[in-house]
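**Q** Quick one, start-v8.txt (compact mmCIF, C-alpha atoms):
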# COMPACT_ATOMS: atom_id res chain seq x y z
CA MET A 1 127.50 86.68 89.54
CA ALA A 2 127.36 84.24 92.43
CA ALA A 3 130.60 82.93 93.91
CA LYS A 4 131.65 79.31 93.42
CA SER A 5 130.37 76.99 96.17
CA SER A 6 132.62 75.19 98.57
CA LEU A 7 131.66 73.71 101.93
CA ARG A 8 133.65 76.41 103.68
CA ASN A 9 132.22 79.46 102.02
CA MET A 10 128.69 78.02 102.13
CA ALA A 11 128.88 77.50 105.88
CA LEU A 12 130.53 80.86 106.42
CA CYS A 13 128.03 82.71 104.29
CA LEU A 14 124.96 81.13 105.91
CA THR A 15 126.35 81.71 109.40
CA ALA A 16 127.16 85.32 108.67
CA VAL A 17 123.77 86.05 107.11
CA CYS A 18 121.95 84.37 110.00
CA LEU A 19 124.00 86.27 112.59
CA VAL A 20 123.32 89.62 110.97
CA CYS A 21 119.62 88.84 110.59
CA ALA A 22 119.37 87.67 114.19
CA ALA A 23 120.99 90.92 115.33
CA VAL A 24 118.55 92.99 113.25
CA LEU A 25 115.61 91.06 114.69
CA GLY A 26 116.94 91.38 118.22
CA VAL A 27 117.22 95.14 117.92
CA THR A 28 113.76 95.48 116.37
CA TYR A 29 112.27 93.28 119.07
CA ALA A 30 113.86 95.35 121.81
CA VAL A 31 112.68 98.60 120.24
CA THR A 32 109.11 97.45 119.60
CA LYS A 33 108.60 95.46 122.79
CA GLU A 34 107.26 98.35 124.84
CA PRO A 35 104.96 99.86 122.20
CA ILE A 36 103.52 96.39 121.51
CA GLU A 37 102.80 95.82 125.18
CA ALA A 38 101.39 99.32 125.53
CA ALA A 39 99.14 98.74 122.51
CA ALA A 40 97.89 95.44 123.95
CA VAL A 41 97.18 97.04 127.34
CA ALA A 42 95.47 100.04 125.72
CA GLU A 43 93.32 97.69 123.68
CA ALA A 44 92.39 95.62 126.72
CA GLN A 45 91.61 98.76 128.72
CA ALA A 46 89.48 100.14 125.91
CA SER A 47 87.51 96.92 125.59
CA ILE A 48 87.00 96.72 129.36
CA ALA A 49 85.87 100.33 129.55
CA LYS A 50 83.43 99.67 126.73
CA VAL A 51 81.60 96.85 128.51
CA LEU A 52 81.48 98.27 132.05
CA PRO A 53 79.57 101.13 133.66
CA LYS A 54 81.70 104.26 133.76
CA GLY A 55 83.82 105.47 136.62
CA ASP A 56 84.97 103.00 139.20
CA ALA A 57 88.43 101.47 139.62
CA ILE A 58 89.25 98.30 137.70
CA SER A 59 91.41 95.53 139.16
CA GLU A 60 94.33 93.71 137.59
CA GLU A 61 93.52 90.69 135.47
CA GLN A 62 92.40 87.67 137.54
CA THR A 63 92.56 84.10 136.34
CA SER A 64 89.96 81.38 136.57
CA ASP A 65 89.87 77.64 135.85
CA ALA A 66 86.29 77.77 134.58
CA GLU A 67 85.79 76.47 131.05
CA GLY A 68 86.35 79.08 128.34
CA ILE A 69 87.34 81.86 130.74
CA LEU A 70 90.62 83.52 129.79
CA GLY A 71 90.56 85.96 132.69
CA TYR A 72 88.43 88.60 134.33
CA TYR A 73 88.59 92.04 135.87
CA VAL A 74 86.67 93.27 138.91
CA GLN A 75 85.35 96.80 139.10
CA THR A 76 84.85 98.19 142.57
CA ALA A 77 82.86 101.24 143.58
CA ALA A 78 84.24 103.95 145.85
CA ASP A 79 82.80 102.23 148.96
CA GLY A 80 84.70 99.03 148.17
CA SER A 81 81.71 96.99 146.97
CA VAL A 82 81.93 95.17 143.64
CA SER A 83 80.03 97.09 140.98
CA ALA A 84 80.69 94.94 137.92
CA TYR A 85 82.89 92.28 136.31
CA ALA A 86 84.52 92.27 132.87
CA VAL A 87 85.07 88.69 131.74
CA LYS A 88 87.19 87.54 128.82
CA SER A 89 85.38 84.50 127.48
CA VAL A 90 86.17 82.27 124.49
CA THR A 91 84.08 79.71 122.56
CA GLY A 92 84.31 77.94 119.25
CA GLY A 93 82.59 80.03 116.59
CA PHE A 94 81.87 79.04 113.00
CA GLY A 95 85.34 79.76 111.65
CA GLY A 96 87.51 79.50 114.77
CA PRO A 97 87.72 80.81 118.33
CA LEU A 98 85.38 83.67 119.20
CA THR A 99 86.72 85.79 122.07
CA LEU A 100 84.47 88.27 123.83
CA MET A 101 84.78 90.78 126.60
CA VAL A 102 81.56 90.60 128.60
CA GLY A 103 80.56 93.15 131.21
CA VAL A 104 78.37 91.52 133.87
CA LEU A 105 76.73 93.16 136.88
CA PRO A 106 76.90 91.32 140.21
CA ASP A 107 73.27 90.15 139.85
CA GLY A 108 74.11 88.35 136.62
CA THR A 109 72.68 90.96 134.24
CA VAL A 110 74.79 91.56 131.12
CA PHE A 111 75.90 95.18 130.92
CA ASN A 112 77.50 95.21 127.46
CA THR A 113 79.66 93.00 125.24
CA SER A 114 82.47 93.50 122.79
CA VAL A 115 84.31 91.22 120.36
CA LEU A 116 88.05 90.87 121.01
CA SER A 117 88.85 88.49 118.17
CA HIS A 118 86.94 86.26 115.78
CA SER A 119 87.23 84.39 112.49
CA GLU A 120 83.59 84.40 111.44
CA THR A 121 82.46 84.63 107.82
CA PRO A 122 82.61 88.21 106.51
CA GLY A 123 79.09 89.47 105.82
CA LEU A 124 77.45 86.70 107.83
CA GLY A 125 78.78 85.74 111.24
CA ALA A 126 81.16 88.69 111.28
CA LYS A 127 78.10 90.89 111.71
CA CYS A 128 78.40 90.09 115.40
CA THR A 129 81.11 92.78 115.46
CA GLU A 130 78.74 95.51 114.22
CA GLU A 131 77.92 97.74 117.11
CA ASN A 132 74.44 99.29 117.25
CA SER A 133 73.02 96.27 115.40
CA HIS A 134 69.98 94.67 117.00
CA PHE A 135 72.01 91.60 117.91
CA ARG A 136 74.50 93.69 119.88
CA GLU A 137 71.99 96.12 121.35
CA GLN A 138 69.91 93.33 122.87
CA TRP A 139 72.76 92.44 125.22
CA LYS A 140 72.66 95.76 127.04
CA GLY A 141 70.87 94.89 130.25
CA PHE A 142 70.10 91.35 129.09
CA ALA A 143 68.77 89.15 131.90
CA GLY A 144 66.68 86.56 130.02
CA ARG A 145 67.35 82.93 129.12
CA LEU A 146 70.77 82.63 127.53
CA ALA A 147 69.98 80.68 124.36
CA VAL A 148 68.91 81.69 120.85
CA THR A 149 65.14 81.66 120.22
CA LYS A 150 65.55 78.58 118.02
CA ASP A 151 66.84 76.72 121.08
CA GLY A 152 64.07 78.05 123.33
CA GLY A 153 65.91 81.09 124.75
CA ASP A 154 65.47 84.85 124.55
CA VAL A 155 68.36 85.74 122.25
CA ASP A 156 67.55 86.93 118.72
CA ALA A 157 70.11 85.31 116.44
CA ILE A 158 71.80 87.06 113.50
CA THR A 159 69.96 86.04 110.31
CA ALA A 160 71.68 83.09 108.62
CA SER A 161 74.35 82.97 111.35
CA THR A 162 72.88 80.71 114.00
CA ILE A 163 76.19 79.03 114.79
CA THR A 164 77.92 82.36 115.43
CA SER A 165 74.95 83.57 117.48
CA ARG A 166 75.02 80.37 119.55
CA ALA A 167 78.76 80.72 120.15
CA TYR A 168 78.31 84.37 121.14
CA THR A 169 75.52 83.41 123.52
CA LYS A 170 77.57 80.57 124.98
CA ALA A 171 80.53 82.87 125.64
CA ILE A 172 78.20 85.21 127.51
CA ALA A 173 76.62 82.33 129.42
CA GLN A 174 80.13 81.26 130.52
CA ALA A 175 80.83 84.78 131.74
CA VAL A 176 77.53 85.04 133.60
CA ALA A 177 78.08 81.61 135.18
CA LEU A 178 81.52 82.72 136.37
CA VAL A 179 80.13 85.89 137.92
CA LYS A 180 77.38 83.91 139.65
CA SER A 181 79.94 81.49 141.08
CA LEU A 182 82.10 84.41 142.25
CA GLU A 183 79.16 86.13 143.88
CA ASP A 184 78.10 82.98 145.81
CA MET B 1 116.28 99.92 80.11
CA SER B 2 115.57 103.42 81.33
CA LYS B 3 115.08 104.08 85.03
CA PHE B 4 111.53 105.22 84.48
CA SER B 5 110.50 102.08 82.64
CA LEU B 6 111.82 100.01 85.55
CA ILE B 7 108.96 101.43 87.56
CA THR B 8 106.25 101.47 84.92
CA LYS B 9 106.86 97.91 83.77
CA GLY B 10 105.68 96.71 87.18
CA LEU B 11 102.41 98.51 86.65
CA LEU B 12 101.66 97.27 83.14
CA LYS B 13 103.92 94.93 81.20
CA GLU B 14 105.02 92.86 84.19
CA ASN B 15 102.12 93.53 86.51
CA PRO B 16 102.63 90.84 89.18
CA THR B 17 98.96 90.03 89.64
CA PHE B 18 97.38 90.32 86.20
CA VAL B 19 100.30 89.41 83.94
CA LEU B 20 102.85 87.38 85.91
CA VAL B 21 100.06 85.86 88.06
CA LEU B 22 102.27 85.64 91.13
CA GLY B 23 101.34 85.88 94.81
CA MET B 24 97.78 84.65 94.34
CA CYS B 25 97.29 83.54 97.95
CA PRO B 26 97.39 87.02 99.54
CA THR B 27 95.65 88.44 96.48
CA LEU B 28 92.63 86.22 96.90
CA ALA B 29 92.58 86.22 100.69
CA THR B 30 93.13 89.85 101.68
CA THR B 31 91.15 91.77 99.07
CA THR B 32 87.81 91.61 100.91
CA SER B 33 87.84 95.41 100.98
CA ALA B 34 89.73 98.19 99.24
CA MET B 35 91.53 99.18 102.43
CA ASN B 36 92.72 95.64 103.17
CA GLY B 37 94.02 95.27 99.62
CA LEU B 38 95.86 98.58 99.82
CA GLU B 39 97.45 97.79 103.18
CA MET B 40 98.55 94.32 102.08
CA GLY B 41 100.02 95.78 98.90
CA LEU B 42 102.00 98.39 100.84
CA ALA B 43 103.26 95.79 103.33
CA THR B 44 104.47 93.59 100.48
CA MET B 45 106.06 96.57 98.74
CA PHE B 46 108.00 97.46 101.89
CA VAL B 47 109.49 93.96 102.10
CA LEU B 48 110.07 93.77 98.36
CA ILE B 49 112.05 97.00 98.13
CA LEU B 50 114.26 96.19 101.12
CA SER B 51 114.87 92.58 100.13
CA ASN B 52 115.68 93.61 96.56
CA ILE B 53 118.23 96.14 97.84
CA VAL B 54 119.92 93.76 100.25
CA ILE B 55 119.93 90.84 97.86
CA SER B 56 121.43 92.87 95.04
CA LEU B 57 124.21 93.86 97.47
CA ILE B 58 125.03 90.40 98.80
CA ALA B 59 124.38 88.38 95.63
CA PRO B 60 127.99 88.56 94.33
CA VAL B 61 129.43 86.97 97.50
CA VAL B 62 126.74 84.36 98.19
CA PRO B 63 127.79 80.88 97.02
CA ASP B 64 125.44 79.62 94.34
CA LYS B 65 124.32 76.46 96.14
CA VAL B 66 123.04 78.27 99.22
CA HIS B 67 121.56 81.34 97.57
CA ILE B 68 117.93 80.29 98.12
CA PRO B 69 118.28 79.74 101.90
CA VAL B 70 120.20 83.01 102.21
CA TYR B 71 117.50 84.92 100.32
CA ILE B 72 114.75 83.32 102.40
CA VAL B 73 116.51 84.32 105.63
CA VAL B 74 116.86 87.89 104.40
CA ILE B 75 113.21 88.07 103.32
CA ALA B 76 111.97 86.42 106.53
CA THR B 77 113.95 88.94 108.58
CA PHE B 78 112.31 91.89 106.84
CA VAL B 79 108.88 90.33 107.20
CA THR B 80 109.40 89.79 110.93
CA VAL B 81 110.67 93.35 111.34
CA LEU B 82 107.57 94.60 109.51
CA GLN B 83 105.34 92.41 111.66
CA LEU B 84 106.83 93.75 114.89
CA LEU B 85 106.61 97.34 113.66
CA MET B 86 102.98 96.94 112.64
CA GLN B 87 102.11 95.30 115.93
CA ALA B 88 103.70 98.19 117.78
CA PHE B 89 102.59 101.19 115.77
CA THR B 90 99.55 100.20 113.72
CA PRO B 91 97.80 97.56 115.87
CA ASP B 92 94.49 98.02 114.02
CA VAL B 93 96.00 97.23 110.65
CA TYR B 94 97.87 94.33 112.21
CA LYS B 95 94.58 92.96 113.50
CA THR B 96 93.00 92.73 110.04
CA LEU B 97 96.09 91.53 108.17
CA GLY B 98 97.82 89.70 111.04
CA LEU B 99 97.60 86.21 109.61
CA PHE B 100 98.82 87.22 106.17
CA ILE B 101 101.88 89.19 107.17
CA PRO B 102 104.06 86.13 107.94
CA LEU B 103 102.87 84.69 104.62
CA ILE B 104 104.65 87.48 102.75
CA VAL B 105 107.78 85.35 103.28
CA VAL B 106 106.48 82.73 100.91
CA ASN B 107 104.98 85.22 98.50
CA CYS B 108 106.54 84.17 95.22
CA ILE B 109 106.70 87.76 93.98
CA ILE B 110 109.46 88.54 96.46
CA LEU B 111 111.63 85.49 95.92
CA GLY B 112 110.77 85.71 92.23
CA ARG B 113 112.11 89.26 91.94
CA ALA B 114 115.20 88.29 93.95
CA GLU B 115 115.90 85.43 91.57
CA ALA B 116 114.89 87.11 88.34
CA PHE B 117 116.14 90.62 88.91
CA ALA B 118 117.92 91.63 92.09
CA ASN B 119 120.74 89.08 91.94
CA LYS B 120 121.74 90.19 88.43
CA ASN B 121 121.31 93.95 88.75
CA GLY B 122 122.71 96.84 90.74
CA VAL B 123 121.30 98.27 93.96
CA TRP B 124 119.65 101.28 92.40
CA ASP B 125 117.92 99.30 89.63
CA SER B 126 116.82 96.64 92.10
CA ALA B 127 115.29 99.24 94.39
CA LEU B 128 113.40 100.74 91.45
CA ASP B 129 112.27 97.28 90.39
CA GLY B 130 110.98 96.74 93.94
CA ILE B 131 109.08 100.02 93.83
CA GLY B 132 107.63 99.24 90.40
CA ILE B 133 106.53 95.68 91.11
CA GLY B 134 105.37 96.74 94.58
CA LEU B 135 103.24 99.54 93.15
CA GLY B 136 101.81 97.16 90.57
CA PHE B 137 100.90 94.67 93.29
CA THR B 138 99.41 97.37 95.53
CA LEU B 139 97.39 98.83 92.68
CA SER B 140 96.08 95.41 91.61
CA LEU B 141 95.08 94.43 95.15
CA THR B 142 93.38 97.78 95.70
CA VAL B 143 91.41 97.51 92.45
CA ILE B 144 90.29 93.96 93.28
CA GLY B 145 89.43 95.16 96.78
CA ILE B 146 87.39 98.08 95.46
CA VAL B 147 85.40 95.87 93.09
CA ARG B 148 84.75 93.24 95.77
CA GLU B 149 83.78 95.84 98.33
CA ILE B 150 81.36 97.59 95.97
CA LEU B 151 79.67 94.36 94.95
CA GLY B 152 79.94 92.58 98.28
CA SER B 153 79.27 95.26 100.87
CA GLY B 154 78.02 98.22 98.82
CA ALA B 155 80.83 100.43 100.04
CA VAL B 156 84.11 101.98 98.90
CA PHE B 157 86.97 102.30 101.40
CA GLY B 158 84.44 101.72 104.17
CA PHE B 159 81.95 104.40 103.03
CA LYS B 160 78.64 102.67 102.52
CA PHE B 161 76.48 103.93 99.67
CA ILE B 162 73.64 101.42 99.94
CA THR B 163 71.68 100.29 102.95
CA GLY B 164 71.72 96.62 103.81
CA ASP B 165 74.00 94.00 102.30
CA GLY B 166 75.66 93.61 98.94
CA ILE B 167 76.16 90.30 97.17
CA LEU B 168 77.77 88.27 99.93
CA ALA B 169 79.52 85.85 97.57
CA PHE B 170 81.89 88.62 96.51
CA VAL B 171 83.23 89.06 100.02
CA MET B 172 83.95 85.34 100.24
CA ALA B 173 86.40 83.16 98.31
CA PRO B 174 84.31 82.44 95.17
CA GLY B 175 83.90 86.17 94.57
CA ALA B 176 87.65 86.63 94.84
CA PHE B 177 88.24 84.16 92.00
CA LEU B 178 85.49 85.68 89.86
CA VAL B 179 86.67 89.25 90.28
CA LEU B 180 90.31 88.29 89.74
CA GLY B 181 89.43 86.37 86.58
CA TYR B 182 87.34 89.11 85.00
CA LEU B 183 89.82 91.84 85.94
CA MET B 184 92.63 89.77 84.44
CA VAL B 185 90.74 89.48 81.15
CA LEU B 186 89.94 93.18 81.13
CA PHE B 187 93.49 94.16 82.05
CA ASN B 188 95.11 92.05 79.36
CA LYS B 189 92.63 93.22 76.73
CA LEU B 190 93.34 96.86 77.54
CA ALA B 191 97.09 96.34 77.92
CA LYS B 192 97.38 94.73 74.47
CA LYS B 193 96.13 97.81 72.67
Let me see the structure of the file written as structure tokens.
**A**
Amino acid sequence: MAAKSSLRNMALCLTAVCLVCAAVLGVTYAVTKEPIEAAAVAEAQASIAKVLPKGDAISEEQTSDAEGILGYYVQTAADGSVSAYAVKSVTGGFGGPLTLMVGVLPDGTVFNTSVLSHSETPGLGAKCTEENSHFREQWKGFAGRLAVTKDGGDVDAITASTITSRAYTKAIAQAVALVKSLED
Amino acid sequence: MSKFSLITKGLLKENPTFVLVLGMCPTLATTTSAMNGLEMGLATMFVLILSNIVISLIAPVVPDKVHIPVYIVVIATFVTVLQLLMQAFTPDVYKTLGLFIPLIVVNCIILGRAEAFANKNGVWDSALDGIGIGLGFTLSLTVIGIVREILGSGAVFGFKFITGDGILAFVMAPGAFLVLGYLMVLFNKLAKK
């Protein structure tokens, strides 16, 4: 079974194992680096395409200092005018950060939304990821007051998930506010 | 022990979830649906087989006093490799299991098999042991996942057979404990016969 321990062979053994493992990891990292980046870009592109009107060219990611804004993309029409914005917006949900991609038209109307990442309760708050649900459908072309009905706004909250609904609404409000400030 | 029984003992006599009761953290946390359970089981099996093979090879030359750190480094390496591979080639699976993949390192099944089996047995037997225990773990997680998904969301492997919601508690932590407990009773009752 195991060899007898001495300071020398312990140090040698640990060093050797760590070196080999580091080499294995280095190779794997190098091999997977490109696919991982490609997957991340593809995912970002897909989520942008989902929340914006079809067609026009989309810019590189822009950064902003506004609260909760991770970045945004500008979509320009063929004549060079801005046709829409896709904003990556984050707020605190019920179980952790809730990150959304929000498509906003230059007049501040929401075009569509999509969830990038969340840690909401399965079966309750996590319903905000269900496309075609009433909660998600109401955002298409939404231009009302950005607050849930309980707080005096026009947003229908998900049943039993007011905190998630509020967070979702707040993330959209952040995005709309950013677009309004960019348009001014 | 015959080669065949090395595999089957992981399914029944030494089933890691229902008999050895090891690796409860991923068991409870990832079995919210059948698919999640299956994927977590397969990810663990991948690491288990490779770590069993490597550890059975290096065990004779590793000094006794540092064997735990050496094993942990080996296991952590495989987990990180798996994590990178999943991120690159199955980003959707990585998204649902992401948080739990690094936790495979501390899954006691893997270190447990290294300690209890791989460092005393040959490469071939250790690989078979990894397959057996891995299959047992995968099967257990999938069964728990199926039960929780049926009761909690009214679906099996994502195919919904009722409209509306199931019993929400089963998707959340309390349901995980309940289902695990009852399945453990059932399993041990059936296995005794």
**Q** Distance cut-off 8 Å, counting all atoms listed in the file - which residues of chain A neighbour chain B? Return them as number ranges by chain.
**A** A: 1-6, 9-10, 13-14, 17-18, 21-22, 24-25, 28-29, 32-37, 39, 121-123
**Q** Between atom CA of Met35 of chain B and atom CA of Ala46 of chain A, measure the distance and give it in Å to one decimal.
**A**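 According to the coordinates, atom CA of Met35 of chain B and atom CA of Ala46 of chain A are separated by 23.6 Å.
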**Q** Contacts of segment 36-53 of chain B at 9 Å or less, counting all atoms listed in the file, minus same-chain residues fewer than 4 places along, as a count of residues only?
**A** 55
**Q** Would you kindly return, as a list in words, each protein, DNA or RNA residue with an atom no farther than 9 Å from any atom of Ala66 of chain A, considering only C-alpha atoms and excluding same-chain residues fewer than 2 positions away?
**A**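 In the requested form, the answer reads Ser64, Gly68, Ile69, Leu70, Gln174 and Leu178 of chain A.
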**Q** Of the candidates A:Ser47, A:Gln138, A:Gln75, A:Thr164, which shows the shortest atom-to-atom distance to Ser114 of chain A, using all atoms listed in the file?
**A** A:Ser47
**Q** Considering all atoms listed in the file, return as a PDB file with C-alpha atoms, keeping the file's coordinate frame whatever protein or nucleic-acid residues lie within 10 Å of Ser117 of chain A, sequence-local ones (same chain, fewer than 5 positions apart) excluded.
**A**
ATOM      1  CA  VAL A  90      86.170  82.270 124.490  1.00  0.00           C
ATOM      2  CA  GLY A  96      87.510  79.500 114.770  1.00  0.00           C
ATOM      3  CA  PRO A  97      87.720  80.810 118.330  1.00  0.00           C
ATOM      4  CA  LEU A  98      85.380  83.670 119.200  1.00  0.00           C
ATOM      5  CA  THR A  99      86.720  85.790 122.070  1.00  0.00           C
ATOM      6  CA  LEU A 100      84.470  88.270 123.830  1.00  0.00           C
ATOM      7  CA  MET A 101      84.780  90.780 126.600  1.00  0.00           C
ATOM      8  CA  THR A 129      81.110  92.780 115.460  1.00  0.00           C
TER       9      THR A 129
ATOM     10  CA  LYS B  95      94.580  92.960 113.500  1.00  0.00           C
TER      11      LYS B  95
END
**Q** For atom CA of Gly103 of chain A and atom CA of Ala86 of chain A, quote the distance in Å rounded to one decimal.
**A**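 Here the two named atoms are 4.4 Å from each other.
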**Q** If we count all atoms listed in the file, what is near Tyr72 of chain A at a cut-off of 6 Å, once residues fewer than 2 positions away on the same chain are taken out, given as JSON, numbers by chain?
**A** {"A": [61, 62, 86, 87, 88]}
**Q** Quick check, in Å to one decimal: how far apart do atom CA of Glu131 of chain A and atom CA of Leu116 of chain A lie?
**A**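 Atom CA of Glu131 of chain A sits 12.8 Å away from atom CA of Leu116 of chain A.
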**Q** Give the padded box for segment 147-153 of chain B as JSON: axis-aligned, covering all atoms listed in the file, 6 Å on each side, centre and edge lengths in Å to one decimal.
**A**
{"center_x": 82.3, "center_y": 95.1, "center_z": 97.0, "size_x": 18.1, "size_y": 17.0, "size_z": 19.8}
**Q** Counting only C-alpha atoms, which residues in segment 25-100 of chain A sit no more than 8 Å from segment 106-112 of chain A? For each one, give the nearest pair of atoms and the distance in Å, sorted by chain then residue number, as a Markdown table.
**A**
| residue | atom | partner | partner_atom | distance |
| --- | --- | --- | --- | --- |
| A:Lys50 | CA | A:Asn112 | CA | 7.5 |
| A:Val51 | CA | A:Asn112 | CA | 4.5 |
| A:Leu52 | CA | A:Phe111 | CA | 6.5 |
| A:Pro53 | CA | A:Phe111 | CA | 7.5 |
| A:Val82 | CA | A:Pro106 | CA | 7.2 |
| A:Ser83 | CA | A:Pro106 | CA | 6.6 |
| A:Ala84 | CA | A:Pro106 | CA | 5.7 |
| A:Tyr85 | CA | A:Pro106 | CA | 7.2 |
**Q** Return the single residue from A:Leu124, A:Ala49, A:Ala143, A:Val74 that is closest to Ser161 of chain A, with distances computed using all atoms listed in the file.
**A**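 Result for the nearest residue to Ser161 of chain A: A:Leu124.
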**Q** Missing atoms in segment 116-123 of chain A need filling: write out all heavy atoms for it as a CSV table (one decimal), in the frame of the given file.
**A**
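Final file, rebuild-v2.csv:
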chain,number,residue,atom,x,y,z
A,116,LEU,N,86.6,90.7,121.0
A,116,LEU,CA,88.0,90.9,121.0
A,116,LEU,C,88.7,90.3,119.8
A,116,LEU,O,89.6,90.9,119.2
A,116,LEU,CB,88.7,90.2,122.3
A,116,LEU,CG,88.2,90.9,123.6
A,116,LEU,CD1,88.9,90.1,124.7
A,116,LEU,CD2,88.6,92.3,123.6
A,117,SER,N,88.3,89.1,119.4
A,117,SER,CA,88.8,88.5,118.2
A,117,SER,C,87.9,87.4,117.7
A,117,SER,O,87.1,86.8,118.5
A,117,SER,CB,90.2,87.9,118.4
A,117,SER,OG,90.1,86.7,119.2
A,118,HIS,N,87.9,87.2,116.4
A,118,HIS,CA,86.9,86.3,115.8
A,118,HIS,C,87.5,85.9,114.4
A,118,HIS,O,88.3,86.5,113.8
A,118,HIS,CB,85.5,86.9,115.6
A,118,HIS,CG,85.4,87.8,114.5
A,118,HIS,ND1,85.0,87.5,113.3
A,118,HIS,CD2,85.8,89.1,114.4
A,118,HIS,CE1,85.0,88.5,112.4
A,118,HIS,NE2,85.5,89.5,113.1
A,119,SER,N,86.9,84.7,113.9
A,119,SER,CA,87.2,84.4,112.5
A,119,SER,C,85.9,84.0,111.8
A,119,SER,O,85.9,83.0,111.1
A,119,SER,CB,88.3,83.3,112.4
A,119,SER,OG,88.8,82.9,113.6
A,120,GLU,N,84.9,84.7,112.1
A,120,GLU,CA,83.6,84.4,111.4
A,120,GLU,C,83.6,84.9,110.0
A,120,GLU,O,84.4,85.7,109.6
A,120,GLU,CB,82.4,85.1,112.2
A,120,GLU,CG,82.4,84.7,113.7
A,120,GLU,CD,82.5,83.2,114.0
A,120,GLU,OE1,81.5,82.5,113.6
A,120,GLU,OE2,83.5,82.7,114.5
A,121,THR,N,82.6,84.3,109.2
A,121,THR,CA,82.5,84.6,107.8
A,121,THR,C,82.1,86.1,107.6
A,121,THR,O,81.2,86.6,108.2
A,121,THR,CB,81.3,83.8,107.2
A,121,THR,OG1,81.4,82.5,107.7
A,121,THR,CG2,81.4,83.8,105.7
A,122,PRO,N,82.9,86.8,106.8
A,122,PRO,CA,82.6,88.2,106.5
A,122,PRO,C,81.2,88.3,105.9
A,122,PRO,O,80.8,87.5,105.1
A,122,PRO,CB,83.6,88.6,105.5
A,122,PRO,CG,84.7,87.6,105.6
A,122,PRO,CD,84.1,86.4,106.1
A,123,GLY,N,80.4,89.3,106.4
A,123,GLY,CA,79.1,89.5,105.8
A,123,GLY,C,78.0,88.6,106.5
A,123,GLY,O,76.8,88.9,106.3
